[in-house]
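J.: I'd like to ask some things about the structure below.
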Protein chains: 2
Amino acid sequence: MVLGQARRRDVLPILGWARQYRAQTLANDSLAAVIVTIMLIPQSLAYALLAGLPPVVGLYASILPLIAYALFGTSRTLAVGPVAVVSLMTAAAVGQVAEQGTAGYLAAAIMLALLSGGILVLMGLFRLGFLANFLSHPVISGFITASGIIIAASQLKHILGVPAEGDNLLEVASSLLAHLGQINGPTVIIGVTATAFLFWVREGLAPLLERAGLPNRAAAMTAKAGPVLAVAVTIAFTAALRLDEQGVAIVGDVPGSLPPLAVPAFDLGLVQELIGPALLISIIGFVESISIAQTLAAKRRQRIDPDQELIALGAANLASGFSSGYPVTGGFARSAVNFDAGAETPAAGAFTAVGIALAALFLTPLLTFLPKATLAATIIVAVLSLVNISTVRETFRYSKADAAAMIATILVTLGAGVEAGVVTGVVLSILLFLYATSRPHMAIVGLVPGTEHFRNIDRHEVRCGQRVLTLRVDESLYFANARGLEDTIYDLVAANPNIEHFVLMCPAVNAIDASALESLEAINARLRDADVTFHLSEVKGPVMDRLERSHFLKNLTGNVFLSQFEAMKRLEHEAVIIPQGTLEKSYRHDSSYAKATETGKYDVMNSE
Amino acid sequence: MVLGQARRRDVLPILGWARQYRAQTLANDSLAAVIVTIMLIPQSLAYALLAGLPPVVGLYASILPLIAYALFGTSRTLAVGPVAVVSLMTAAAVGQVAEQGTAGYLAAAIMLALLSGGILVLMGLFRLGFLANFLSHPVISGFITASGIIIAASQLKHILGVPAEGDNLLEVASSLLAHLGQINGPTVIIGVTATAFLFWVREGLAPLLERAGLPNRAAAMTAKAGPVLAVAVTIAFTAALRLDEQGVAIVGDVPGSLPPLAVPAFDLGLVQELIGPALLISIIGFVESISIAQTLAAKRRQRIDPDQELIALGAANLASGFSSGYPVTGGFARSAVNFDAGAETPAAGAFTAVGIALAALFLTPLLTFLPKATLAATIIVAVLSLVNISTVRETFRYSKADAAAMIATILVTLGAGVEAGVVTGVVLSILLFLYATSRPHMAIVGLVPGTEHFRNIDRHEVRCGQRVLTLRVDESLYFANARGLEDTIYDLVAANPNIEHFVLMCPAVNAIDASALESLEAINARLRDADVTFHLSEVKGPVMDRLERSHFLKNLTGNVFLSQFEAMKRLEHEAVIIPQGTLEKSYRHDSSYAKATETGKYDVMNSE
């Protein structure tokens with residue numbers, strides 16, 4: 001029996017929950033929507049800035065995509081929209097094909113959203129969600145940490161009021177250093193104050209409100225409005241003191257309007273340049289989104305359908321592209337707030353979209369004097385929570401290979417940018433996995449006296465026959481380890497000229513591919529030339545089914561035993577069992593073996 | 001205990017065998033050398049032609065490289081020199097950086113030999129021989145078959161006497177068709193006759209000689225001289241009738257000399273262009289050579305040290321590069337002949353080198369009138385034995401994934417050339433392996449009555465508890481399958497609301513990486529939220545050692561049981577055992593399950 005990941009599939013999950021929509025649900029969803037809207041307005045402006053786009057594009061990307069996700073998504077509480085990492089990846093991708101500030105730059109960002117949407121929908125239709133599994137946890141974790149550092153560093157230019165550019169830490173840092181003489185005083189004051197204020201809001205405000213008598217949850221929710229307060233206060237100061245005339249960079253005039261709907265011009269050259277980055281953005285965005293969705297769904301015993309999520313995120317990105325937005329995905333912080341604020345259905349997301357639409361229509365004139373330094377402060381405080389260096393140490397303790405993949409991802413992302421970082425991490429983690437499986441754990445085993453169990457002769461007190469040598473291999477046999485198995489067996493047989501039977505014990509062999517089959521056939525033939533009979537034991541059902549489709553079993557000089565104990569019982573009649581100490585191993589690490597021999601604890605098996 | 005591939009390592013294996021060199025060994029080695037020399041002269045000329053080089057370069061590549069291998073190699077009988085597949089790869093690589101017939105072309109071929117030599121030596125020193133394991137058997141087999149077809153097709157131009165070019169079958173075929181009107185009559189007569197003669201020599205001469213009274217082995221050896229006969233006869237005809245004036249392409253004047261020793265000019269741009277092809281040539285050449293060496297060594301119970309072989313082949317290629325040669329490796333046919341002719345030590349190779357040196361000094365004037373069509377006939381007859389289409393069918397029957405990798409390698413090699421073919425094959429076989437391990441076999445298991453064994457409930461008559469659900473997963477847990485495991489477990493738990501204990505049975509789990517650890521922690525936390533206790537059973541020693549380095553065991557809500565039977569005994573006290581039919585599975589494929597339920601054969605375990 002193979003357990004697939006088959007699941008009930010609703011093309012429009014909205015048909016499920018909309019039928020049971022009640023007044024209380026409406027009230028809960030609306031409250032959550034208000035709180036998320038307040039949080040989303042400054043965030044969407046800031047992330048658009050991070051992506052190198054006009055801030056209003058962030059608002060545009062927070063309207064139709066939310067409606068699209070509400071229609072197709074299976075998560076009840078995921079809050080879709082612009083997020084930090086995808087915005088950074090957008091800046092890196094679009095920056096390679098167009099100059100920031102030009103019409104071409106916006107057009108490329110829109111095309112990126114459309115491509116990403118198309119890729120996600122196709123992945124969903126063809127059930128390719130498993131591709132995201134090749135992003136290992138250490139790679140994602142390292143990538144997010146490094147992205148957080150780059151994003152924070154890239155925002156320093158807005159805090160300091162100097163021009164600086166770059167897609168990786170080196171570029172950003174050197175660009176910042178080069179312009180350090182041009183620091184703008186009023187900008188620094190706004191930027192540093194806003195950053196300090198937001199850090200304090202994050203750490204100190206909620207406890208303060210609680211001590212002031214507010215309930216826990218209300219205190220936490222109120223604290224989420226901190227960025228809005230920072231935005232309002234710095235707008236007021238900047239407008240009153242005309243700080244823009246002192247060199248403080250501001251958002252400037254933004255036309256109050258709903259996002260312009262348009263089908264962008266199709267430019268094949270642009271598509272070719274952006275398709276690679278679009279694929280990476282799609283997969284990273286999907287992984288980020290699905291993790292959040294599953295974490296929140298588990299808390300309420302709800303289900304997430306990964307393939308349907310691909311379609312929903314694809315629809316959201318297509319909606320973003322057709323309404324002058326840029327790539328979006330599910331955001332961690334906003335989704336958690338949405339969940340905590342009591343959102344019950346995706347309708348909360350649709351209500352948030354209405355809130356942002358109203359903001360786009362009526363609030364934009366108020367944003368003229370919004371200092372970019374305030375938005376930068378919002379971003380810095382948000383992304384530093386993504387940076388988690390301590391997991392490197394924990395991962396290192398558990399697995400050096402995983403830690404290596406994580407560190408490589410961090411360093412390459414910091415040094416060469418997001419795309420190179422992700423690709424390096426994925427390739428390295430695959431190579432390390434292949435390397436590990438190409439050098440499988442193998443052990444010569446003997447019988448644990450008084451039982452039917454066979455154990456590693458180096459770890460346990462066991463008994464072996466002199467003429468029967470049993471090797472257990474703890475890995476599926478495939479091309480990367482087949483030749484190594486051959487070498488090991490030839491060496492063992494050459495070093496133990498007395499043996500008459502060689503048993504390969506396969507309880508952990510889950511598959512044998514064509515290369516390994518070829519190796520088994522070669523082993524069988526060469527052992528036959530050496531007058532050694534070749535046996536298998538404890539071969540699993542599915543592996544045996546497959547072996548029966550080859551000539552191997554017909555040519556096998558020995559037998560396939562259901563259990564190793566049976567193999568020992570049968571072969572023991574032909575082989576006098578003697579102390580295991582006379583066995584020779586041809587490889588290193590035989591100190592433990594020598595010890596076992598000295599103690600002389602391996603008796604003749606027959607004497608039992 | 002980990003079995004490394006550690007082995008006694010002699011830097012100069014010659015010191016081992018030279019000390020025991022006797023007169024009889026000398027006689028045997030000399031005889032083998034004479035036979036191999038006779039075989040190698042036409043082959044080396046022909047393969048140089050295949051590589052697009054002057055034929056004499058083939059002789060140059062058959063002198064010093066053989067001496068170098070005799071010094072460093074661990075195979076007693078491997079015959080190193082120009083071979084078909086590496087010659088084809090040389091033509092493809094060098095053809096991209098220089099025009100055939102120019103001095104730059106030869107310089108690039110020499111540089112390729114040096115680069116390949118350097119790469120092989122480095123791989124040997126850093127013990128990177130395992131890299132060759134990633135060339136799976138189906139990929140190598142497909143690649144060799146496709147190369148054989150391309151080589152044979154590319155030689156048709158010499159048989160027909162028309163110009164034609166190309167690195168893949170499409171290019172070669174269309175080029176041939178375009179020039180079909182320019183067929184040269186005398187060339188076709190020589191080419192077709194030589195080909196037919198060599199096929200007959202190969203299939204019919206040895207039996208004929210045996211019937212004439214020659215011993216088996218002598219008959220087979222004599223038949224190997226067939227190409228020399230073809231060369232001599234066609235030279236005589238061409239010279240006598242001055243067929244070169246009739247348009248028959250001949251080798252032309254060749255200066256009789258030993259290979260000019262030289263340190264080639266170092267051109268960084270050239271190195272950068274050739275380093276990729278050099279790596280592929282090195283790995284393909286190594287794999288081809290080591291397979292032959294191991295096959296022959298096994299017949300006489302000798303050992304091959306793969307890392308030392310890398311150094312020896314590297315030295316051979318460096319020697320080739322410094323003596324105006326091109327990339328070389330161990331050749332299958334010549335090595336087999338060397339072995340059959342009785343070669344006992346690598347000295348046979350050194351004697352062959354002397355033979356070729358004499359040929360280069362004194363024989364070259366005789367080669368002026370050698371028709372290229374004769375060399376092409378030699379190549380065609382030699383490479384068609386490499387073509388083996390029937391293995392595709394056999395492989396397909398055993399494993400569709402392996403067959404897919406093989407077919408892709410063949411098609412891409414034929415359609416797009418050798419480099420694209422190998423790379424496609426390697427990447428595809430790795431992806432298919434990852435895909436297979438990303439969808440592991442999993443089974444819900446129950447107790448086989450009267451035993452301590454647990455088996456798949458879909459395959460066996462077993463007993464289960466209503467409140468204990470046990471899932472066995474037959475694969476190491478790592479990033480590519482960790483999320484799938486999570487999904488399966490959540491679905492099972494959601495579909496079976498009565499269960500109180502969930503046991504993950506891990507007898508075939510050989511490793512748990514950081515991503516899978518993260519998934520196990522998530523499973524533990526989410527099952528705890530659902531009031532289900534999470535247990536593990538039959539965790540292997542090395543896996544357990546590693547888990548103890550994490551926080552997982554501390555947070556685990558349940559236990560880790562040494563055996564599944566122990567788990568059942570312990571948890572059974574807490575759970576009433578009821579007919580297994582009441583279990584629900586949330587996935588498809590439950591027809592077999594429904595059947596088992598209908599028969600009602602699962603009794604209450606306690607009633608036993």
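We label chains A, B, ... in the order they appear in the structure tokens, count residues from 1 in each chain, and number ligands from 1 in the order shown.
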Sorted by chain and rising residue number, which residues of chain A lie within 8 Å of chain B, and what are their closest atom pairs and distances in Å to one decimal, counting only C-alpha atoms, as a Markdown table?

T.:
| residue | atom | partner | partner_atom | distance |
| --- | --- | --- | --- | --- |
| A:Met1 | CA | B:Asp458 | CA | 6.2 |
| A:Val2 | CA | B:His441 | CA | 5.7 |
| A:Leu3 | CA | B:Met442 | CA | 6.3 |
| A:Gly4 | CA | B:Tyr587 | CA | 6.6 |
| A:Gln5 | CA | B:Thr488 | CA | 6.8 |
| A:Ala6 | CA | B:Tyr587 | CA | 5.8 |
| A:Arg7 | CA | B:Tyr587 | CA | 6.9 |
| A:Phe130 | CA | B:Ala480 | CA | 7.9 |
| A:Asn133 | CA | B:Ala480 | CA | 4.7 |
| A:Phe134 | CA | B:Ala480 | CA | 5.2 |
| A:Leu135 | CA | B:Phe479 | CA | 7.2 |
| A:Ser136 | CA | B:Phe479 | CA | 4.9 |
| A:His137 | CA | B:Ser515 | CA | 4.8 |
| A:Pro138 | CA | B:Ser515 | CA | 6.8 |
| A:Ala298 | CA | B:Arg526 | CA | 6.6 |
| A:Lys299 | CA | B:Asp529 | CA | 7.6 |
| A:Glu394 | CA | B:Ser550 | CA | 8.0 |
| A:Thr395 | CA | B:Ala514 | CA | 6.8 |
| A:Arg397 | CA | B:Arg549 | CA | 6.8 |
| A:Tyr398 | CA | B:Arg549 | CA | 5.8 |
| A:Ser399 | CA | B:Ala514 | CA | 6.7 |
| A:Asp402 | CA | B:Ala514 | CA | 6.3 |
| A:His441 | CA | B:Val2 | CA | 5.7 |
| A:Met442 | CA | B:Val2 | CA | 6.1 |
| A:Ala443 | CA | B:Met1 | CA | 6.3 |
| A:Asn456 | CA | B:Met1 | CA | 7.8 |
| A:Asp458 | CA | B:Met1 | CA | 6.3 |
| A:Arg459 | CA | B:Met1 | CA | 7.8 |
| A:Asp474 | CA | B:Asn510 | CA | 6.2 |
| A:Glu475 | CA | B:Asn510 | CA | 6.4 |
| A:Phe479 | CA | B:Ser136 | CA | 4.9 |
| A:Ala480 | CA | B:Asn133 | CA | 4.7 |
| A:Asn481 | CA | B:Asn133 | CA | 6.9 |
| A:Ala482 | CA | B:Asn133 | CA | 7.8 |
| A:Arg483 | CA | B:Asn133 | CA | 6.9 |
| A:Gly484 | CA | B:Gln5 | CA | 7.4 |
| A:Asp487 | CA | B:Gln5 | CA | 7.3 |
| A:Thr488 | CA | B:Gln5 | CA | 6.8 |
| A:Ala494 | CA | B:Arg301 | CA | 7.8 |
| A:Pro507 | CA | B:Ala508 | CA | 7.0 |
| A:Ala508 | CA | B:Ala508 | CA | 4.5 |
| A:Val509 | CA | B:Ala508 | CA | 7.3 |
| A:Asn510 | CA | B:Asp474 | CA | 6.2 |
| A:Asp513 | CA | B:Ser399 | CA | 7.0 |
| A:Ala514 | CA | B:Asp402 | CA | 6.3 |
| A:Ser515 | CA | B:His137 | CA | 4.8 |
| A:Glu518 | CA | B:His137 | CA | 7.7 |
| A:Arg526 | CA | B:Ala298 | CA | 6.5 |
| A:Asp529 | CA | B:Lys299 | CA | 7.4 |
| A:Arg546 | CA | B:Tyr398 | CA | 6.5 |
| A:Leu547 | CA | B:Tyr398 | CA | 7.6 |
| A:Arg549 | CA | B:Tyr398 | CA | 5.8 |
| A:Ser550 | CA | B:Tyr398 | CA | 6.1 |
| A:Ser586 | CA | B:Arg7 | CA | 7.7 |
| A:Tyr587 | CA | B:Ala6 | CA | 5.7 |
| A:Arg588 | CA | B:Ala6 | CA | 6.5 |
| A:His589 | CA | B:Met1 | CA | 7.3 |

J.: Just want the 9 Å neighbourhood of Ala70 (chain B), counted on only C-alpha atoms, with same-chain residues fewer than 2 positions away dropped. Output as JSON, numbers by chain.

T.: {"B": [13, 14, 65, 66, 67, 68, 72, 73, 74, 75, 76, 312, 345, 346, 347, 348, 349, 350]}

J.: Would you write out those residues with C-alpha atoms, as an mmCIF file, in the first residue's frame?

T.:
data_model
loop_
_atom_site.group_PDB
_atom_site.id
_atom_site.type_symbol
_atom_site.label_atom_id
_atom_site.label_comp_id
_atom_site.auth_asym_id
_atom_site.auth_seq_id
_atom_site.Cartn_x
_atom_site.Cartn_y
_atom_site.Cartn_z
ATOM 1 C CA PRO B 13 52.996 0.093 -7.491
ATOM 2 C CA ILE B 14 55.853 -0.823 -9.825
ATOM 3 C CA PRO B 65 51.241 7.545 -21.484
ATOM 4 C CA LEU B 66 51.792 3.752 -21.445
ATOM 5 C CA ILE B 67 55.104 4.178 -19.613
ATOM 6 C CA ALA B 68 53.458 6.531 -17.092
ATOM 7 C CA PHE B 72 51.705 4.300 -11.349
ATOM 8 C CA GLY B 73 48.866 1.957 -12.268
ATOM 9 C CA THR B 74 47.472 -0.797 -10.040
ATOM 10 C CA SER B 75 46.029 -2.902 -12.848
ATOM 11 C CA ARG B 76 48.372 -5.537 -14.173
ATOM 12 C CA ALA B 312 47.981 6.713 -12.831
ATOM 13 C CA THR B 345 52.585 -7.084 -15.253
ATOM 14 C CA PRO B 346 52.359 -3.465 -16.408
ATOM 15 C CA ALA B 347 55.736 -4.077 -18.069
ATOM 16 C CA ALA B 348 53.704 -5.419 -21.024
ATOM 17 C CA GLY B 349 52.384 -1.865 -21.417
ATOM 18 C CA ALA B 350 55.897 -0.445 -21.361
#

J.: As a ChimeraX atom specification, please: every residue in region 61-258 of chain B that a backbone DSSP assignment puts in alpha helix (DSSP H).

T.: /B:64-72,84-95,103-125,137-160,169-178,185-200,206-211,216-223,226-241

J.: When you look at Phe362 (chain B) with a cut-off of 12 Å (counting only C-alpha atoms), what residues show up, excluding the ones that are within fewer than 3 positions of it in the same chain? I need them as a ChimeraX atom specification.

T.: /B:254-258,355-359,365-367

J.: Name all residues at most 8 Å from Val188 (chain A) (count only C-alpha atoms; drop same-chain ones fewer than 2 positions away) and give them as an NGL selection string.

T.: :A and (159-161 or 183-186 or 190-192 or 373)

J.: Env of Ile119 (chain B): 8 Å cut, atoms = only C-alpha atoms, seq-sep filter 3 positions within chain, self excluded. Answer as a ChimeraX atom specification.

T.: /B:115-116,122-123,278-279,282,314

J.: Please list as a ChimeraX atom specification every residue within 12 Å of Ala376 (chain B), counting only C-alpha atoms and excluding residues in the same chain fewer than 3 positions away.

T.: /B:42-51,55,84,151-161,187-188,190-195,198,227,230-231,249-251,370-373,379-383

J.: Between CA of Leu411 (chain A) and CA of Ile284 (chain A), measure the distance and give it in Å to one decimal.

T.: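 One can read the CA of Leu411 (chain A) to CA of Ile284 (chain A) distance as 17.9 Å.
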
J.: Can you tell me how far CA of Ser335 (chain A) sits from CA of Ile292 (chain A), in Å to one decimal?

T.: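 Taking CA of Ser335 (chain A) and CA of Ile292 (chain A), their separation equals 7.5 Å.
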
J.: Nearest residue to Leu112 (chain A) out of A:Gly325, A:Leu296, A:Ala61, A:Ile499, using only C-alpha atoms?

T.: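 Using only C-alpha atoms, the shortest distance to Leu112 (chain A) belongs to A:Gly325.
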
J.: Please report the interatomic distance between CA of Ser563 (chain A) and CA of Arg467 (chain A) in Å with one decimal.

T.: 18.5 Å
